[in-house]
Amino acid sequence: MRLHRLQVTAFGPYRGREVVDFDVLGSDGLFLLHGDTGAGKTTLLDAVAFALFGVVPGARGEVKRLRCDFADVELRTEVALELTVQGQRMRIVRNPEYQRPKRRGEGTTTQQAKASLAWIGHAPAGQPTEGLTRIDEVSRTVQGLLGMNHEQFFQVVLLPQGDFARFLRADTDERERLLEKLFGTKRFADVERWFRDERAERRRKLEEHLQELREWVARFAQVAREDPPEEDVPGWVAAVREQSRRLVTEAEAGQTRARSALEKAEAELTEWRAAAERIHRVRVAHDKLAALGEQKPEREMWTAELAAARRAAPVANVAAQVDRCAAQLDEARQVEQRRVRQLASTGYAETEADVVELRRHAGKLREEAGALAGLIAEAEQQRRDEREIGRLLDTAEEAKAQAVVLTEKLDGIPERIQELRERHDQAAAAAVRLEELRTRETELTAAVRDAAGLPRAERAVADAAETVRAVTDQHQQARERRLELRERRLEGMAAELAAELADGSPCPVCGADEHPSPARAAESRVDQAQEEAADEAERRAERARKKAETAKHEAETALAALRERLRGRTAEALDAEFAALQQQVAEVGAVARQKAQLAGQAQSAEAEMKALTGKLHAAEQAVTAAETRRVALAEQIAERARRLDEARGEHPDVGARREHLTNVVRALDAMVEARTARVTAEERLEQQNTDLQRVLNRAGFSTVDEMRSAARSDERVAQLETRLSEAAAAEAAARAVLAEPELFGVAPDDRVDVDTAVVAARNAREAAETAVAAFRSASSRTSDLDTLAERLFVASEALRPLEDSFAELDALTDVVNGRGQNARKMSLRSYVLAARLEEVAVAATARLRIMSQGRYSFVHSDAAGSRGTRGGLGLDVLDDYSGTIRPAKTLSGGESFLASLALALGLADVVAAETGGALLDTLFVDEGFGTLDAETLDVVMNVLDELRAGGRVVGLVSHVEELRQRIPTRLRVRKARTGSTLEVHM
């Protein structure tokens, strides 16, 4: 993957459109990205990541606030990246989601995220030639071409050393989380999770079967009415079942005996009850016949009364009908008299005319009233139109007065609007000028501060030079002291060897056993401890000298940067320029602050003029419309008044006349109806009197009163019929009972003892029921015990294979998850990651040994952690100077940077090889160089030179001043109050 061109617009701190040409920057293979803190160096790396994947690395991506606060409202936030991946050149454009002001009204609206990918040249096989425009398709295509996701890309291409320093010192869990993101061990984690889930599921099923077995034992104990033993449950079950079977046999024998006794007692009771029932029937039949004989005279009276009532019934119906017709006739005559008086009250004189004449006259008047119906609606409209003319006159007068007032208000408004617009333009120009002045003010403030610090920086350089001279002298003195002591020790080395000689032991120099004249030590003799102390003093002096030289270099670098920023300007000149600039800012700011107020006043005046003009036009139209409508209504009212005067006649108006005619027609209709009803009632009464006389003669009654005395109600007739039929039926039933053969010889006074037989039968039944219940209970209990025992046996047999299978799975799950018999306490996922980490350690060691000048190497450890914790991801360093393995936490700041950089580069190589992704021709290394001394920095730069071999481009992001002198190609980010900008130095 090689980057060619990056363009950011309103992104991060960049207010406008900034372009980074990587082809120009990478022409030498190495370039420096530098600038002030917070200027936006890392934002350019974020822009590359956002263009490729739509996300930003680290905590910055969690905020999701990518738009520049200083950007113009109409300028859309956008990142465009042109790159080549696997020989295919493309251009990716992304717009993030952000909030922007609404174009109409107040508030904000959401600007939706967008993405597009266009091919430069021919599109690859299987891809559309017109490119891609869906966000998910763009991200999926980029990830497929790169062969890695965004988390792997952030670690492989963007190398933030702070993250790897934390990785270097992290514990096993933290290191495991990072490696999982890089190497994609989700499938191994899924295997571990599957084992855990499967064990939990098997444990749940096993517990279910155990609970089921316990429930069957509890149910068996409940039926057996015994507590289950803790051991030998099968033997206890067999004993309970045997005892239950013996109880069933005994209960069955008792049931047989009780049933025989019950059958005998019930047979005797049945016989005695039959005899008592025959005596009772004979006694009841004799009592009934005696009662009927005493009632015979009364039954003869009931018979005569019933016959007379039956003859009078049809005559009574006819007489009732005659009474109803007479009442209807009286009512019809009264109604007719009321209708005559009502008709006379309307002024109609022919009240005695016949029905035909009355109907004819009513039809004539109804036609006349119908002809007046249309004129009533016109009369109502006439009244509304007269009121409307008055309202139109008032409306016209009000509209004329309003037009005069509006015309007066409009005078002078256009001139005021023109004046406000001119003042607003002046304020807008002042606002633009104010932004430029404030930017200049910020730069002058920094320059004044630099000028004030210039003497201090010069003193610092002088002090550092003096310190270097002093510590150099001290180092030289310490070195001379060490050489002097070493020389003196060498001179006294013979005496030092002679002090160790003993008679009979060979000399370490000549080998002789005799020592006739051993050398003697001088008074100024120097021993080994003194020489070592001098060596240590020289090393301390050397370190002090190097530290002083480094401080001097830093002070000189800071002074050079300060003078570069001042560009020869003095503090007095800067103060004068700053004072004049502040005066300009105050004057221009006073004018610019009026911009919003003037804009609001101009908008208010324009809105007022527009509203007044609209109201004036509406008032003039209202006057014209009211006058036109009033003239037309006046003509209609005059024509309608003539027709209404002709139609009302002698009445006040047309409605009154029509109402009079309607009342007369209603009175005539009612009169016709009443007279017709009276004639019909007279004819019906005459016919009913004739029918009544004929029916009286036929029934044998001479008068109506005689018929009514013989008549009875329907309830009385039914009562008589019921009494007579019941008496006849009772007499027949009693005689039928006495004639039955089985009652022959039975007298009403006979007696039998049934109570004694009832008591005996009851006792026998209770004994039989008790025996049956005992047998059923014993049988049911035995059946339940047999069923439960069978199920208990099935549950017990099914549990054994489940227990064996779970024990095997439980042990295997512990091993896969780094517990149990796993001696290294490494899970399957940790084991895979440990292999990857070992590859990373090998790749990182190759560069670490070069950068540390052969001193340090990475060492991977798969041993278990302390107190039995998980292991497999240990990462230490081997110190070649001491030959010991040290924890990475013991490295110094500069050494940690070297180790982190080597680890980052090694990890990048392994991840790229693991994912099978595209060749990474562009890398970025972010910060950390400030912790290195000059010699180590040279070594690191040599390693970075190796990285750019073969056409690879390496970008360094750093504040270190010395890197500006080492790297000629630089991209500088300038920070200002209104946003950052980019400058390229070649």
# chains A, B, ... in the order shown; residues from 1 in each chain; ligands from 1

call {"tool": "residues_around", "arguments": {"residues": "Ala39 (chain A)", "least_positions_apart": "2", "cutoff": "6 Å", "atoms": "only C-alpha atoms", "output": "list in words"}}
result
Asp36, Thr37 and Lys975 of chain A

call {"tool": "residues_around", "arguments": {"residues": "region 465-481 of chain A", "least_positions_apart": "4", "cutoff": "10 Å", "atoms": "only C-alpha atoms", "output": "short mmCIF file (atom, residue, chain, number, x, y, z; two decimals) with C-alpha atoms, in the first residue's frame"}}
result
data_model
loop_
_atom_site.label_atom_id
_atom_site.label_comp_id
_atom_site.auth_asym_id
_atom_site.auth_seq_id
_atom_site.Cartn_x
_atom_site.Cartn_y
_atom_site.Cartn_z
CA ARG A 459 22.12 33.08 29.52
CA ALA A 460 21.11 29.45 29.52
CA VAL A 461 23.51 28.78 26.61
CA LEU A 485 46.55 5.01 40.28
CA ARG A 486 46.72 2.30 37.66
CA GLU A 487 50.34 3.10 36.94
CA GLU A 531 41.70 1.50 41.41
CA ALA A 534 38.93 5.73 40.63
CA ASP A 535 37.27 3.96 37.69
CA GLU A 536 33.82 4.64 39.16
CA ALA A 537 34.73 8.29 39.78
CA GLU A 538 35.83 8.64 36.13
CA ARG A 539 32.56 7.07 34.90
CA ARG A 540 30.53 9.46 37.06
CA ALA A 541 32.49 12.39 35.70
CA GLU A 542 31.98 11.14 32.14
CA ARG A 543 28.23 10.83 32.66
CA ALA A 544 28.14 14.34 34.11
CA ARG A 545 30.06 15.63 31.07
CA LYS A 546 27.68 13.92 28.62
CA LYS A 547 24.68 15.24 30.52
CA ALA A 548 26.12 18.76 30.46
CA GLU A 549 26.87 18.48 26.74
CA THR A 550 23.30 17.32 26.10
CA ALA A 551 21.94 20.26 28.13
CA LYS A 552 24.18 22.64 26.20
CA HIS A 553 22.96 21.18 22.88
CA ALA A 555 19.92 25.14 25.09
CA GLU A 556 21.65 26.02 21.80
#

call {"tool": "select_by_dssp", "arguments": {"residues": "region 702-874 of chain A", "states": "strand (DSSP E or B)", "output": "MDAnalysis selection string"}}
result
chainID A and resid 817 827 856:861 874

call {"tool": "residues_around", "arguments": {"residues": "Arg694 (chain A)", "least_positions_apart": "3", "cutoff": "12 Å", "atoms": "only C-alpha atoms", "output": "PyMOL selection string"}}
result
chain A and resi 314-315+318-319+687-691+697-704

call {"tool": "write_last_selection", "arguments": {"atoms": "N, CA and C atoms", "output": "CSV table (one decimal), in the first residue's frame"}}
result
chain,number,residue,atom,x,y,z
A,314,PRO,N,-121.0,-17.2,24.8
A,314,PRO,CA,-121.0,-16.5,23.5
A,314,PRO,C,-121.9,-15.2,23.5
A,315,VAL,N,-123.0,-15.2,24.3
A,315,VAL,CA,-123.9,-14.0,24.4
A,315,VAL,C,-123.1,-12.9,25.0
A,318,VAL,N,-121.0,-10.8,22.6
A,318,VAL,CA,-121.7,-9.9,21.7
A,318,VAL,C,-122.1,-8.7,22.4
A,319,ALA,N,-122.6,-8.8,23.7
A,319,ALA,CA,-123.1,-7.7,24.5
A,319,ALA,C,-121.9,-6.7,24.8
A,687,GLN,N,-125.8,-2.2,13.7
A,687,GLN,CA,-125.6,-3.6,13.3
A,687,GLN,C,-125.3,-4.5,14.5
A,688,GLN,N,-124.6,-4.0,15.5
A,688,GLN,CA,-124.3,-4.8,16.7
A,688,GLN,C,-125.5,-5.1,17.6
A,689,ASN,N,-126.5,-4.2,17.6
A,689,ASN,CA,-127.8,-4.4,18.4
A,689,ASN,C,-128.6,-5.5,17.8
A,690,THR,N,-128.6,-5.6,16.5
A,690,THR,CA,-129.4,-6.6,15.8
A,690,THR,C,-128.8,-8.0,16.1
A,691,ASP,N,-127.4,-8.1,16.1
A,691,ASP,CA,-126.7,-9.4,16.3
A,691,ASP,C,-126.9,-9.8,17.8
A,697,ASN,N,-131.8,-15.1,22.0
A,697,ASN,CA,-132.8,-16.0,21.7
A,697,ASN,C,-132.3,-17.4,21.6
A,698,ARG,N,-131.2,-17.5,20.9
A,698,ARG,CA,-130.6,-18.9,20.6
A,698,ARG,C,-130.1,-19.5,21.9
A,699,ALA,N,-129.6,-18.8,22.9
A,699,ALA,CA,-129.0,-19.3,24.1
A,699,ALA,C,-130.1,-19.6,25.2
A,700,GLY,N,-131.3,-19.2,25.0
A,700,GLY,CA,-132.4,-19.5,25.9
A,700,GLY,C,-132.5,-18.4,27.0
A,701,PHE,N,-131.9,-17.2,26.8
A,701,PHE,CA,-132.1,-16.1,27.8
A,701,PHE,C,-133.1,-15.1,27.2
A,702,SER,N,-133.9,-14.5,28.1
A,702,SER,CA,-134.9,-13.6,27.7
A,702,SER,C,-134.3,-12.1,27.7
A,703,THR,N,-133.4,-11.9,28.6
A,703,THR,CA,-132.8,-10.5,28.7
A,703,THR,C,-131.3,-10.6,28.9
A,704,VAL,N,-130.7,-9.5,28.7
A,704,VAL,CA,-129.2,-9.4,28.9
A,704,VAL,C,-128.9,-9.6,30.3

call {"tool": "closest_residue", "arguments": {"among": "A:Ala670, A:Leu437, A:Val664, A:Leu393", "to": "Glu627 (chain A)", "atoms": "only C-alpha atoms"}}
result
A:Leu393

call {"tool": "residues_around", "arguments": {"residues": "region 403-418 of chain A", "least_positions_apart": "6", "cutoff": "7 Å", "atoms": "only C-alpha atoms", "output": "NGL selection string"}}
result
:A and (602 or 605-606 or 609 or 612 or 616 or 619-620)

call {"tool": "write_last_selection", "arguments": {"atoms": "C-alpha atoms", "output": "short mmCIF file (atom, residue, chain, number, x, y, z; two decimals), in the first residue's frame"}}
result
data_model
loop_
_atom_site.label_atom_id
_atom_site.label_comp_id
_atom_site.auth_asym_id
_atom_site.auth_seq_id
_atom_site.Cartn_x
_atom_site.Cartn_y
_atom_site.Cartn_z
CA ALA A 602 -32.29 46.00 8.24
CA ALA A 605 -37.23 47.38 8.41
CA GLU A 606 -37.60 45.30 5.22
CA MET A 609 -42.14 47.70 4.66
CA LEU A 612 -47.27 47.61 5.33
CA LEU A 616 -52.19 48.90 1.91
CA ALA A 619 -57.21 47.90 2.05
CA GLU A 620 -57.52 49.38 -1.45
#

call {"tool": "atom_distance", "arguments": {"atom1": "CA of Thr256 (chain A)", "atom2": "CA of Ala238 (chain A)"}}
result
28.3 Å

call {"tool": "residues_around", "arguments": {"residues": "region 185-195 of chain A", "least_positions_apart": "6", "cutoff": "9 Å", "atoms": "only C-alpha atoms", "output": "MDAnalysis selection string"}}
result
chainID A and resid 179 809:810 812:814 816:817 827:829 832:833

call {"tool": "write_last_selection", "arguments": {"atoms": "C-alpha atoms", "output": "mmCIF file, in the first residue's frame"}}
result
data_model
loop_
_atom_site.group_PDB
_atom_site.id
_atom_site.type_symbol
_atom_site.label_atom_id
_atom_site.label_comp_id
_atom_site.auth_asym_id
_atom_site.auth_seq_id
_atom_site.Cartn_x
_atom_site.Cartn_y
_atom_site.Cartn_z
ATOM 1 C CA LEU A 179 -3.006 -9.589 20.493
ATOM 2 C CA LEU A 809 -16.127 -33.090 29.486
ATOM 3 C CA ASP A 810 -15.464 -31.203 32.744
ATOM 4 C CA LEU A 812 -11.328 -31.420 29.087
ATOM 5 C CA THR A 813 -12.949 -27.978 29.492
ATOM 6 C CA ASP A 814 -10.589 -27.127 32.336
ATOM 7 C CA VAL A 816 -8.811 -25.992 27.204
ATOM 8 C CA ASN A 817 -9.437 -22.972 29.470
ATOM 9 C CA SER A 827 -5.923 -21.507 27.601
ATOM 10 C CA LEU A 828 -6.245 -22.572 23.969
ATOM 11 C CA ARG A 829 -6.482 -18.928 22.891
ATOM 12 C CA VAL A 832 -2.147 -19.626 19.956
ATOM 13 C CA LEU A 833 -1.358 -16.054 20.984
#

call {"tool": "decode", "arguments": {"residues": "region 590-735 of chain A", "atoms": "C-alpha atoms", "output": "short mmCIF file (atom, residue, chain, number, x, y, z; two decimals), in the first residue's frame"}}
result
data_model
loop_
_atom_site.label_atom_id
_atom_site.label_comp_id
_atom_site.auth_asym_id
_atom_site.auth_seq_id
_atom_site.Cartn_x
_atom_site.Cartn_y
_atom_site.Cartn_z
CA ALA A 590 -16.14 48.34 17.66
CA VAL A 591 -17.39 48.54 14.07
CA ALA A 592 -17.58 44.75 13.59
CA ARG A 593 -19.66 44.23 16.73
CA GLN A 594 -22.47 46.25 15.10
CA LYS A 595 -22.80 43.72 12.27
CA ALA A 596 -25.44 41.47 13.84
CA GLN A 597 -27.43 44.41 15.24
CA LEU A 598 -27.45 46.23 11.88
CA ALA A 599 -28.43 43.04 10.04
CA GLY A 600 -31.34 42.56 12.41
CA GLN A 601 -32.44 46.19 12.05
CA ALA A 602 -32.29 46.00 8.24
CA GLN A 603 -34.27 42.75 8.19
CA SER A 604 -36.86 44.23 10.58
CA ALA A 605 -37.23 47.38 8.41
CA GLU A 606 -37.60 45.30 5.22
CA ALA A 607 -40.15 43.05 6.89
CA GLU A 608 -42.07 46.12 8.16
CA MET A 609 -42.14 47.70 4.66
CA LYS A 610 -43.28 44.45 3.09
CA ALA A 611 -46.03 44.01 5.67
CA LEU A 612 -47.27 47.61 5.33
CA THR A 613 -47.28 47.40 1.52
CA GLY A 614 -49.33 44.22 1.66
CA LYS A 615 -51.81 45.75 4.10
CA LEU A 616 -52.19 48.90 1.91
CA HIS A 617 -52.90 46.80 -1.18
CA ALA A 618 -55.46 44.73 0.75
CA ALA A 619 -57.21 47.90 2.05
CA GLU A 620 -57.52 49.38 -1.45
CA GLN A 621 -58.95 46.11 -2.78
CA ALA A 622 -61.44 46.00 0.13
CA VAL A 623 -62.79 49.51 -0.78
CA THR A 624 -63.31 48.57 -4.43
CA ALA A 625 -64.96 45.24 -3.62
CA ALA A 626 -67.36 46.80 -1.05
CA GLU A 627 -68.58 49.56 -3.43
CA THR A 628 -69.15 47.14 -6.32
CA ARG A 629 -71.09 44.72 -4.12
CA ARG A 630 -73.27 47.50 -2.61
CA VAL A 631 -74.47 48.84 -6.02
CA ALA A 632 -75.40 45.36 -7.27
CA LEU A 633 -77.37 44.55 -4.07
CA ALA A 634 -79.36 47.84 -4.24
CA GLU A 635 -80.68 46.95 -7.71
CA GLN A 636 -81.70 43.43 -6.61
CA ILE A 637 -83.52 44.74 -3.50
CA ALA A 638 -85.69 47.21 -5.52
CA GLU A 639 -86.85 44.54 -8.01
CA ARG A 640 -87.62 41.98 -5.26
CA ALA A 641 -89.67 44.50 -3.18
CA ARG A 642 -92.16 45.01 -6.09
CA ARG A 643 -92.92 41.26 -6.34
CA LEU A 644 -93.39 40.82 -2.59
CA ASP A 645 -95.91 43.72 -2.29
CA GLU A 646 -98.13 42.13 -4.94
CA ALA A 647 -98.08 38.71 -3.25
CA ARG A 648 -98.85 39.64 0.43
CA GLY A 649 -102.33 41.08 -0.29
CA GLU A 650 -104.08 42.35 2.87
CA HIS A 651 -101.58 40.55 5.18
CA PRO A 652 -98.43 42.15 6.67
CA ASP A 653 -96.18 39.99 4.51
CA VAL A 654 -96.11 36.92 2.28
CA GLY A 655 -95.28 34.57 5.18
CA ALA A 656 -98.31 35.70 7.18
CA ARG A 657 -100.62 35.12 4.25
CA ARG A 658 -99.21 31.64 3.57
CA GLU A 659 -99.47 30.72 7.26
CA HIS A 660 -103.21 31.77 7.26
CA LEU A 661 -103.96 29.60 4.23
CA THR A 662 -102.13 26.65 5.79
CA ASN A 663 -104.17 26.91 9.03
CA VAL A 664 -107.50 26.90 7.07
CA VAL A 665 -106.41 23.81 5.08
CA ARG A 666 -105.46 21.94 8.30
CA ALA A 667 -108.86 22.82 9.89
CA LEU A 668 -110.79 21.60 6.79
CA ASP A 669 -108.86 18.28 6.74
CA ALA A 670 -109.58 17.70 10.44
CA MET A 671 -113.30 18.49 9.92
CA VAL A 672 -113.56 15.96 7.06
CA GLU A 673 -111.91 13.26 9.17
CA ALA A 674 -114.16 13.86 12.23
CA ARG A 675 -117.48 13.89 10.26
CA THR A 676 -116.54 10.67 8.42
CA ALA A 677 -115.72 8.91 11.75
CA ARG A 678 -119.13 9.88 13.31
CA VAL A 679 -121.20 8.45 10.40
CA THR A 680 -119.18 5.18 10.48
CA ALA A 681 -119.77 4.77 14.28
CA GLU A 682 -123.60 5.16 13.95
CA GLU A 683 -123.79 2.46 11.28
CA ARG A 684 -121.63 0.00 13.31
CA LEU A 685 -123.78 0.40 16.52
CA GLU A 686 -127.05 -0.37 14.70
CA GLN A 687 -125.61 -3.61 13.27
CA GLN A 688 -124.29 -4.81 16.71
CA ASN A 689 -127.75 -4.38 18.40
CA THR A 690 -129.38 -6.65 15.79
CA ASP A 691 -126.73 -9.38 16.33
CA LEU A 692 -127.17 -9.27 20.18
CA GLN A 693 -130.94 -10.00 20.09
CA ARG A 694 -130.44 -12.99 17.79
CA VAL A 695 -127.80 -14.56 20.11
CA LEU A 696 -129.96 -14.10 23.27
CA ASN A 697 -132.84 -16.01 21.71
CA ARG A 698 -130.59 -18.87 20.62
CA ALA A 699 -129.02 -19.33 24.12
CA GLY A 700 -132.39 -19.45 25.94
CA PHE A 701 -132.07 -16.11 27.76
CA SER A 702 -134.89 -13.56 27.68
CA THR A 703 -132.82 -10.51 28.71
CA VAL A 704 -129.25 -9.39 28.87
CA ASP A 705 -129.36 -9.20 32.70
CA GLU A 706 -130.45 -12.86 32.93
CA MET A 707 -127.48 -13.84 30.72
CA ARG A 708 -125.02 -11.83 32.82
CA SER A 709 -126.20 -13.47 36.10
CA ALA A 710 -125.45 -16.93 34.62
CA ALA A 711 -122.10 -15.96 33.14
CA ARG A 712 -118.86 -16.96 34.93
CA SER A 713 -115.26 -15.95 34.44
CA ASP A 714 -112.82 -18.19 32.59
CA GLU A 715 -110.95 -18.87 35.83
CA ARG A 716 -114.16 -20.05 37.53
CA VAL A 717 -115.12 -22.29 34.61
CA ALA A 718 -111.66 -23.89 34.57
CA GLN A 719 -111.81 -24.38 38.35
CA LEU A 720 -115.18 -26.23 38.13
CA GLU A 721 -113.99 -28.45 35.29
CA THR A 722 -110.81 -29.35 37.21
CA ARG A 723 -112.65 -30.22 40.41
CA LEU A 724 -115.13 -32.52 38.64
CA SER A 725 -112.47 -34.34 36.57
CA GLU A 726 -110.17 -34.81 39.61
CA ALA A 727 -113.00 -36.34 41.68
CA ALA A 728 -113.88 -38.84 38.91
CA ALA A 729 -110.25 -39.80 38.39
CA ALA A 730 -109.61 -40.27 42.14
CA GLU A 731 -112.64 -42.60 42.52
CA ALA A 732 -111.52 -44.74 39.51
CA ALA A 733 -107.91 -44.96 40.81
CA ALA A 734 -108.98 -46.08 44.30
CA ARG A 735 -111.21 -48.85 42.96
#
